[in-house]
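Pasting final-v9.cif here (mmCIF, C-alpha atoms):
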data_input
loop_
_atom_site.label_atom_id
_atom_site.label_comp_id
_atom_site.auth_asym_id
_atom_site.auth_seq_id
_atom_site.Cartn_x
_atom_site.Cartn_y
_atom_site.Cartn_z
CA LEU A 100 4.54 69.51 -141.71
CA VAL A 101 6.46 72.44 -143.19
CA PRO A 102 5.12 73.73 -146.54
CA ARG A 103 7.67 74.50 -149.22
CA GLY A 104 8.73 78.13 -149.08
CA SER A 105 8.29 78.42 -145.30
CA LYS A 106 12.01 78.61 -144.61
CA GLU A 107 12.48 81.27 -147.28
CA LEU A 108 9.56 83.24 -145.80
CA LEU A 109 11.26 83.07 -142.40
CA GLU A 110 14.38 84.72 -143.82
CA HIS A 111 12.26 87.47 -145.37
CA LEU A 112 10.46 88.04 -142.06
CA LYS A 113 13.79 88.39 -140.27
CA ILE A 114 14.77 91.11 -142.76
CA ILE A 115 11.35 92.80 -142.52
CA ILE A 116 11.44 92.92 -138.73
CA GLY A 117 15.16 93.56 -138.35
CA CYS A 118 15.28 96.39 -140.89
CA ASN A 119 11.76 97.74 -140.27
CA LYS A 120 10.79 97.32 -143.91
CA LYS A 121 7.53 98.90 -145.07
CA VAL A 122 5.02 96.16 -145.96
CA MET A 123 1.73 96.13 -147.87
CA ILE A 124 -0.60 93.19 -147.13
CA ASP A 125 -2.80 92.66 -150.19
CA PRO A 126 -5.70 90.17 -149.84
CA ASP A 127 -7.93 88.89 -152.59
CA TYR A 128 -11.47 90.24 -152.37
CA ASP A 129 -13.14 87.13 -150.96
CA PRO A 130 -13.35 85.50 -147.51
CA ASP A 131 -10.30 83.32 -148.11
CA GLY A 132 -8.21 86.34 -149.03
CA TYR A 133 -9.43 88.47 -146.14
CA PHE A 134 -8.99 85.72 -143.57
CA SER A 135 -5.48 85.07 -144.92
CA ALA A 136 -4.65 88.75 -144.43
CA MET A 137 -6.11 88.55 -140.93
CA ILE A 138 -3.54 85.85 -140.12
CA VAL A 139 -0.64 87.92 -141.48
CA LYS A 140 -1.80 90.99 -139.54
CA GLU A 141 -2.07 88.93 -136.33
CA ALA A 142 1.39 87.49 -136.96
CA PHE A 143 2.91 90.97 -137.33
CA ASP A 144 1.09 92.17 -134.22
CA LYS A 145 2.46 89.22 -132.23
CA LEU A 146 5.94 90.11 -133.43
CA GLY A 147 5.47 93.73 -132.38
CA PHE A 148 5.90 94.87 -135.98
CA THR A 149 3.83 97.92 -136.96
CA ASN A 150 5.26 99.16 -140.26
CA TYR A 151 2.57 97.58 -142.41
CA GLU A 152 -0.75 98.39 -144.04
CA VAL A 153 -3.58 96.18 -145.23
CA ASN A 154 -4.70 97.25 -148.68
CA ARG A 155 -8.13 98.89 -148.55
CA HIS A 156 -10.46 97.78 -151.32
CA TYR A 157 -12.82 100.26 -152.93
CA LYS A 158 -13.86 97.98 -155.77
CA LYS A 159 -14.22 94.29 -156.44
CA ARG A 160 -11.15 92.72 -157.94
CA HIS A 161 -9.34 89.40 -158.03
CA GLY A 162 -5.61 89.69 -158.43
CA ILE A 163 -3.35 92.68 -158.09
CA ASP A 164 -4.00 95.24 -160.83
CA ARG A 165 -2.26 98.19 -162.41
CA GLU A 166 -3.74 100.66 -159.93
CA ASP A 167 -2.42 98.62 -156.99
CA VAL A 168 1.04 98.33 -158.54
CA VAL A 169 1.29 102.10 -159.05
CA SER A 170 0.10 102.80 -155.49
CA ILE A 171 2.58 100.34 -153.94
CA ILE A 172 5.48 101.84 -155.90
CA LYS A 173 4.38 105.45 -155.31
CA ASN A 174 4.05 104.91 -151.56
CA GLU A 175 7.51 103.31 -151.40
CA PHE A 176 6.65 99.94 -149.94
CA ASP A 177 9.61 97.58 -149.59
CA TYR A 178 7.50 94.41 -149.58
CA VAL A 179 4.06 93.35 -150.71
CA ILE A 180 2.52 90.14 -149.35
CA ILE A 181 -0.22 89.04 -151.75
CA LEU A 182 -2.74 86.53 -150.46
CA ASP A 183 -5.03 84.15 -152.36
CA SER A 184 -4.36 85.71 -155.78
CA SER A 185 -1.89 86.88 -158.40
CA ILE A 186 0.18 83.70 -158.64
CA ASN A 187 0.06 84.11 -162.44
CA ASN A 188 0.32 87.94 -162.60
CA ILE A 189 3.94 87.81 -163.68
CA GLU A 190 4.01 91.19 -165.47
CA GLU A 191 2.80 92.99 -162.33
CA ILE A 192 5.32 91.04 -160.25
CA LYS A 193 8.16 92.02 -162.59
CA GLU A 194 7.17 95.68 -162.49
CA LEU A 195 7.08 95.71 -158.71
CA ASN A 196 10.52 94.09 -158.62
CA LYS A 197 11.81 96.62 -161.13
CA TYR A 198 11.05 99.39 -158.64
CA GLY A 199 12.60 97.57 -155.70
CA VAL A 200 9.51 95.95 -154.19
CA VAL A 201 9.99 92.38 -152.97
CA VAL A 202 6.90 90.26 -153.72
CA ILE A 203 5.67 87.38 -151.54
CA ILE A 204 2.63 85.46 -152.77
CA ILE A 205 0.72 82.80 -150.82
CA ASP A 206 -1.86 81.28 -153.14
CA HIS A 207 -3.65 77.99 -153.71
CA HIS A 208 -4.76 78.59 -157.28
CA ILE A 209 -3.37 76.66 -160.25
CA LEU A 210 0.14 77.71 -161.20
CA GLU A 211 0.21 78.33 -164.96
CA ILE A 212 3.77 79.64 -165.19
CA ASP A 213 7.10 77.85 -164.92
CA GLU A 214 8.57 78.85 -161.56
CA GLU A 215 11.88 79.64 -163.23
CA GLU A 216 10.18 82.55 -165.03
CA TYR A 217 9.58 84.47 -161.81
CA PRO A 218 12.07 87.25 -161.02
CA GLU A 219 14.60 86.80 -158.24
CA GLU A 220 12.94 89.08 -155.68
CA CYS A 221 9.75 87.05 -155.61
CA LEU A 222 8.73 84.21 -153.28
CA ILE A 223 5.78 82.10 -154.41
CA ILE A 224 4.32 79.78 -151.77
CA HIS A 225 1.70 77.46 -153.26
CA ASN A 226 0.35 73.92 -153.07
CA ASN A 227 0.73 72.89 -156.70
CA HIS A 228 3.69 70.62 -155.94
CA GLU A 229 3.55 66.91 -156.66
CA ASN A 230 3.36 64.37 -153.84
CA ILE A 231 2.43 66.72 -151.02
CA GLU A 232 -0.20 66.19 -148.34
CA TYR A 233 -1.57 69.74 -148.39
CA ASP A 234 -2.50 70.03 -152.09
CA LYS A 235 -6.21 70.72 -151.38
CA VAL A 236 -5.93 73.40 -148.70
CA SER A 237 -7.29 76.94 -148.90
CA ALA A 238 -5.04 79.98 -149.06
CA GLY A 239 -6.08 80.67 -145.48
CA LEU A 240 -4.92 77.30 -144.19
CA LEU A 241 -1.70 77.53 -146.21
CA THR A 242 -1.08 80.97 -144.72
CA ALA A 243 -1.74 79.58 -141.23
CA MET A 244 0.77 76.79 -141.76
CA VAL A 245 3.63 78.92 -143.05
CA PHE A 246 3.21 81.72 -140.52
CA ASP A 247 2.88 79.26 -137.64
CA TYR A 248 6.21 77.74 -138.74
CA CYS A 249 7.88 81.16 -138.98
CA LEU A 250 6.57 82.49 -135.68
CA SER A 251 7.48 79.26 -133.90
CA LYS A 252 11.04 79.63 -135.16
CA MET A 253 10.99 83.24 -133.91
CA GLY A 254 9.96 82.18 -130.42
CA ILE A 255 6.17 82.56 -130.59
CA LYS A 256 4.62 79.13 -130.16
CA ASN A 257 0.89 79.54 -129.49
CA ASN A 258 -0.64 80.22 -132.91
CA ILE A 259 -3.79 78.13 -132.64
CA SER A 260 -5.99 81.01 -133.80
CA PHE A 261 -4.27 80.81 -137.21
CA TYR A 262 -5.65 77.30 -137.68
CA ILE A 263 -9.15 78.31 -136.61
CA ILE A 264 -9.09 80.92 -139.35
CA GLY A 265 -7.70 78.33 -141.78
CA TYR A 266 -10.53 75.97 -140.79
CA ILE A 267 -13.12 78.62 -141.66
CA THR A 268 -11.62 79.12 -145.11
CA LEU A 269 -11.88 75.41 -145.94
CA TYR A 270 -15.64 75.94 -145.91
CA SER A 271 -15.75 79.47 -147.31
CA ASP A 272 -13.67 78.44 -150.32
CA SER A 273 -15.45 75.09 -150.90
CA CYS A 274 -12.28 73.05 -150.50
CA ASP A 275 -12.19 69.27 -150.65
CA LEU A 276 -13.44 68.37 -147.18
CA ASP A 277 -12.80 64.67 -147.74
CA ASN A 278 -9.11 65.30 -148.32
CA ARG A 279 -7.11 63.51 -145.63
CA PHE A 280 -5.06 66.53 -144.65
CA ASN A 281 -8.12 68.78 -144.39
CA GLN A 282 -9.92 66.09 -142.42
CA SER A 283 -7.12 66.05 -139.86
CA LEU A 284 -7.95 69.67 -138.99
CA ILE A 285 -11.73 69.27 -139.22
CA LYS A 286 -11.78 66.29 -136.86
CA ASN A 287 -9.66 68.08 -134.26
CA ILE A 288 -11.15 71.58 -134.38
CA ASP A 289 -13.02 71.10 -131.08
CA LYS A 290 -9.63 70.94 -129.35
CA PHE A 291 -9.05 74.58 -130.36
CA SER A 292 -12.12 75.89 -128.54
CA GLY A 293 -11.36 79.07 -126.63
CA TYR A 294 -8.81 80.35 -129.13
CA GLU A 295 -11.30 81.84 -131.60
CA PRO A 296 -10.49 85.37 -132.83
CA GLU A 297 -12.55 88.01 -131.03
CA MET A 298 -14.43 88.99 -134.19
CA LEU A 299 -15.58 85.41 -134.75
CA LYS A 300 -16.41 84.84 -131.08
CA ASP A 301 -18.68 87.89 -131.01
CA PHE A 302 -20.88 86.41 -133.75
CA MET A 303 -21.39 83.21 -131.78
CA THR A 304 -24.29 82.80 -129.39
CA GLU A 305 -24.16 80.63 -126.26
CA TRP A 306 -25.70 77.84 -128.35
CA ASP A 307 -23.15 78.04 -131.18
CA SER A 308 -19.95 76.05 -131.45
CA LEU A 309 -17.15 76.14 -133.99
CA ASN A 310 -18.37 73.61 -136.56
CA ARG A 311 -19.48 73.31 -140.16
CA SER A 312 -23.04 74.32 -139.38
CA PHE A 313 -22.06 77.61 -137.76
CA VAL A 314 -19.41 78.49 -140.34
CA SER A 315 -21.29 77.49 -143.51
CA TYR A 316 -24.85 78.49 -142.61
CA ASN A 317 -24.41 81.35 -140.17
CA PHE A 318 -21.08 83.14 -140.31
CA ILE A 319 -19.78 82.95 -143.90
CA PRO A 320 -23.16 83.89 -145.49
CA ARG A 321 -22.92 87.18 -143.60
CA ILE A 322 -19.42 87.84 -144.88
CA ASN A 323 -20.43 86.93 -148.43
CA ALA A 324 -23.40 89.30 -148.24
CA LEU A 325 -21.09 92.16 -147.28
CA MET A 326 -18.75 91.35 -150.14
CA ARG A 327 -21.51 91.06 -152.72
CA GLY A 328 -22.89 94.35 -151.45
CA ASN A 329 -19.56 96.20 -151.69
CA GLN A 330 -19.51 97.02 -147.98
CA PHE A 331 -15.83 97.89 -148.14
CA ASP A 332 -15.52 100.02 -144.98
CA ILE A 333 -17.47 97.61 -142.76
CA LEU A 334 -15.40 94.68 -144.03
CA TYR A 335 -12.16 96.51 -143.32
CA LYS A 336 -13.21 97.37 -139.78
CA LEU A 337 -14.51 93.85 -139.16
CA PHE A 338 -11.36 92.05 -140.35
CA PHE A 339 -8.54 94.46 -139.63
CA MET A 340 -9.63 96.96 -136.96
CA TYR A 341 -12.11 95.05 -134.82
CA ASN A 342 -9.87 94.33 -131.82
CA GLU A 343 -9.01 98.02 -131.45
CA LEU A 344 -12.59 99.32 -131.59
CA GLU A 345 -14.65 100.44 -128.60
CA ASP A 346 -17.37 98.02 -127.48
CA VAL A 347 -20.13 100.33 -128.71
CA GLU A 348 -18.70 100.36 -132.24
CA LYS A 349 -18.25 96.58 -132.20
CA GLU A 350 -21.90 96.21 -131.29
CA TYR A 351 -22.89 98.61 -134.07
CA ILE A 352 -20.91 96.60 -136.62
CA ARG A 353 -22.42 93.30 -135.51
CA LYS A 354 -25.95 94.70 -135.71
CA TYR A 355 -25.20 96.26 -139.09
CA VAL A 356 -23.86 92.97 -140.45
CA ASP A 357 -26.88 91.02 -139.21
CA LYS A 358 -29.35 93.52 -140.67
CA PHE A 359 -27.51 93.76 -143.99
CA TYR A 360 -27.51 89.97 -144.25
CA ARG A 361 -31.23 89.68 -143.45
CA ASP A 362 -32.12 92.43 -145.93
CA SER A 363 -29.95 90.85 -148.65
CA LYS A 364 -31.48 87.44 -148.03
CA LYS A 365 -35.01 88.90 -148.25
CA ILE A 366 -34.20 90.59 -151.56
CA ARG A 367 -32.87 87.33 -153.01
CA GLU A 368 -35.95 85.45 -151.82
CA ASP A 369 -38.26 88.06 -153.38
CA ILE A 370 -36.41 87.80 -156.70
CA VAL A 371 -36.77 84.01 -156.70
CA GLU A 372 -40.52 84.36 -156.18
CA LEU A 373 -40.91 86.63 -159.22
#

Transcribe the structure of this file into structure tokens.
Amino acid sequence: LVPRGSKELLEHLKIIIGCNKKVMIDPDYDPDGYFSAMIVKEAFDKLGFTNYEVNRHYKKRHGIDREDVVSIIKNEFDYVIILDSSINNIEEIKELNKYGVVVIIIDHHILEIDEEEYPEECLIIHNNHENIEYDKVSAGLLTAMVFDYCLSKMGIKNNISFYIIGYITLYSDSCDLDNRFNQSLIKNIDKFSGYEPEMLKDFMTEWDSLNRSFVSYNFIPRINALMRGNQFDILYKLFFMYNELEDVEKEYIRKYVDKFYRDSKKIREDIVEL
């Protein structure tokens, strides 16, 4: 299944890689957004493309804002790939286009604007279309699907890890798990064992397996705790630098995440008892 917009994304990727365009990856500040950005980063790394940055968050926000727009323009990015947000931020999109920035958005939120209103240098990939099978997917799974298509067309076939990340976001974003398309991934996830991203694998014990119980009650609560607690630097290292870190720093991050989660959970329990 090829989501609408995948072929157009492929053409943009050919330009990005061929002309070494400068790219900003901008995720929404939630697990779905961060995991979507993780897929895009992995895709660029597989392609040997290095002229990109993942936007560092220093505050909570949902959707690209004025500060981001100014920074992208000032730092002369050619492209911005926005994930899990901003599908309706048309004024920001127009301003970026005005200064020569091509905008690509992959989002699963409700489209409130007529697609004809978007400027020319803007590609919106969404699942608001009528009569499609993937209308209930997360941004992460949608990102997995479109980048798997593009990389496959560019000669890189083994992109199973994208779908593992997409699987996680079905739970983290409370998607419709009874949806037939989502069920097709859920029922077959055990076939992807061994392809888990290193960051995810390191949080699994010998008794854990990739399933709803581990994702919903073990892994995602830790990520949510970090996000609620504004642990911006730890989140950035965990999602976008982890594979390059020394083993000692990976161990420090894992211990920090576990302790922060336990402490946060204890505080919430104490508040409930009051």

Selection near range 239-255 of chain A, 6 Å with all atoms listed in the file, sequence-local residues under 2 positions removed, as a compact mmCIF listing (two decimals) with C-alpha atoms, keeping the file's coordinate frame:
# COMPACT_ATOMS: atom_id res chain seq x y z
CA SER A 105 8.29 78.42 -145.30
CA LEU A 109 11.26 83.07 -142.40
CA ASP A 131 -10.30 83.32 -148.11
CA SER A 135 -5.48 85.07 -144.92
CA SER A 237 -7.29 76.94 -148.90
CA ASN A 258 -0.64 80.22 -132.91
CA PHE A 261 -4.27 80.81 -137.21
CA TYR A 262 -5.65 77.30 -137.68
CA GLY A 265 -7.70 78.33 -141.78
CA THR A 268 -11.62 79.12 -145.11

Written as a PyMOL selection string, what is the full residue list that the PyMOL selection byres ((chain A and resi 312-321) around 9) yields on the file shown? chain A and resi 130+267+270-271+299+302-303+307-311+322-326+356-357+359-361

I want to know what sits within 10 Å of range 194-196 of chain A, based on only C-alpha atoms, with residues of the same chain fewer than 3 positions away left out; could you give that as a PyMOL selection string? chain A and resi 165+168-169+171-172+176-179+189-191+199-202+218-221

Atom-to-atom span, CA of Phe339 in chain A and CA of Ala136 in chain A, Å: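 Rounded to one decimal, the two atoms are 8.4 Å apart.
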
Between CA of Leu269 in chain A and CA of Asn281 in chain A, what is the distance in Å, rounded to a tenth? 7.8 Å

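Counting from CA of Asn187 in chain A, the distance to CA of Ile223 in chain A is 10.1 Å.
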
Using the chain letters and numbers from this file, what does the PyMOL selection byres ((chain A and resi 140) around 9) select? Give the answer as a PyMOL selection string. chain A and resi 124+135-139+141-145+151-153+339

Residues in the PyMOL selection byres ((chain A and resi 289) around 12), expressed as JSON, numbers by chain: {"A": [259, 262, 263, 266, 283, 284, 285, 286, 287, 288, 290, 291, 292, 293, 294, 295, 308, 309, 310, 311]}

Can you tell me which residues surround Tyr341 in chain A at a distance of at most 12 Å, considering only C-alpha atoms, apart from same-chain residues fewer than 4 positions away, and format the answer as a ChimeraX atom specification? /A:137,141,296-301,332-337,345-353
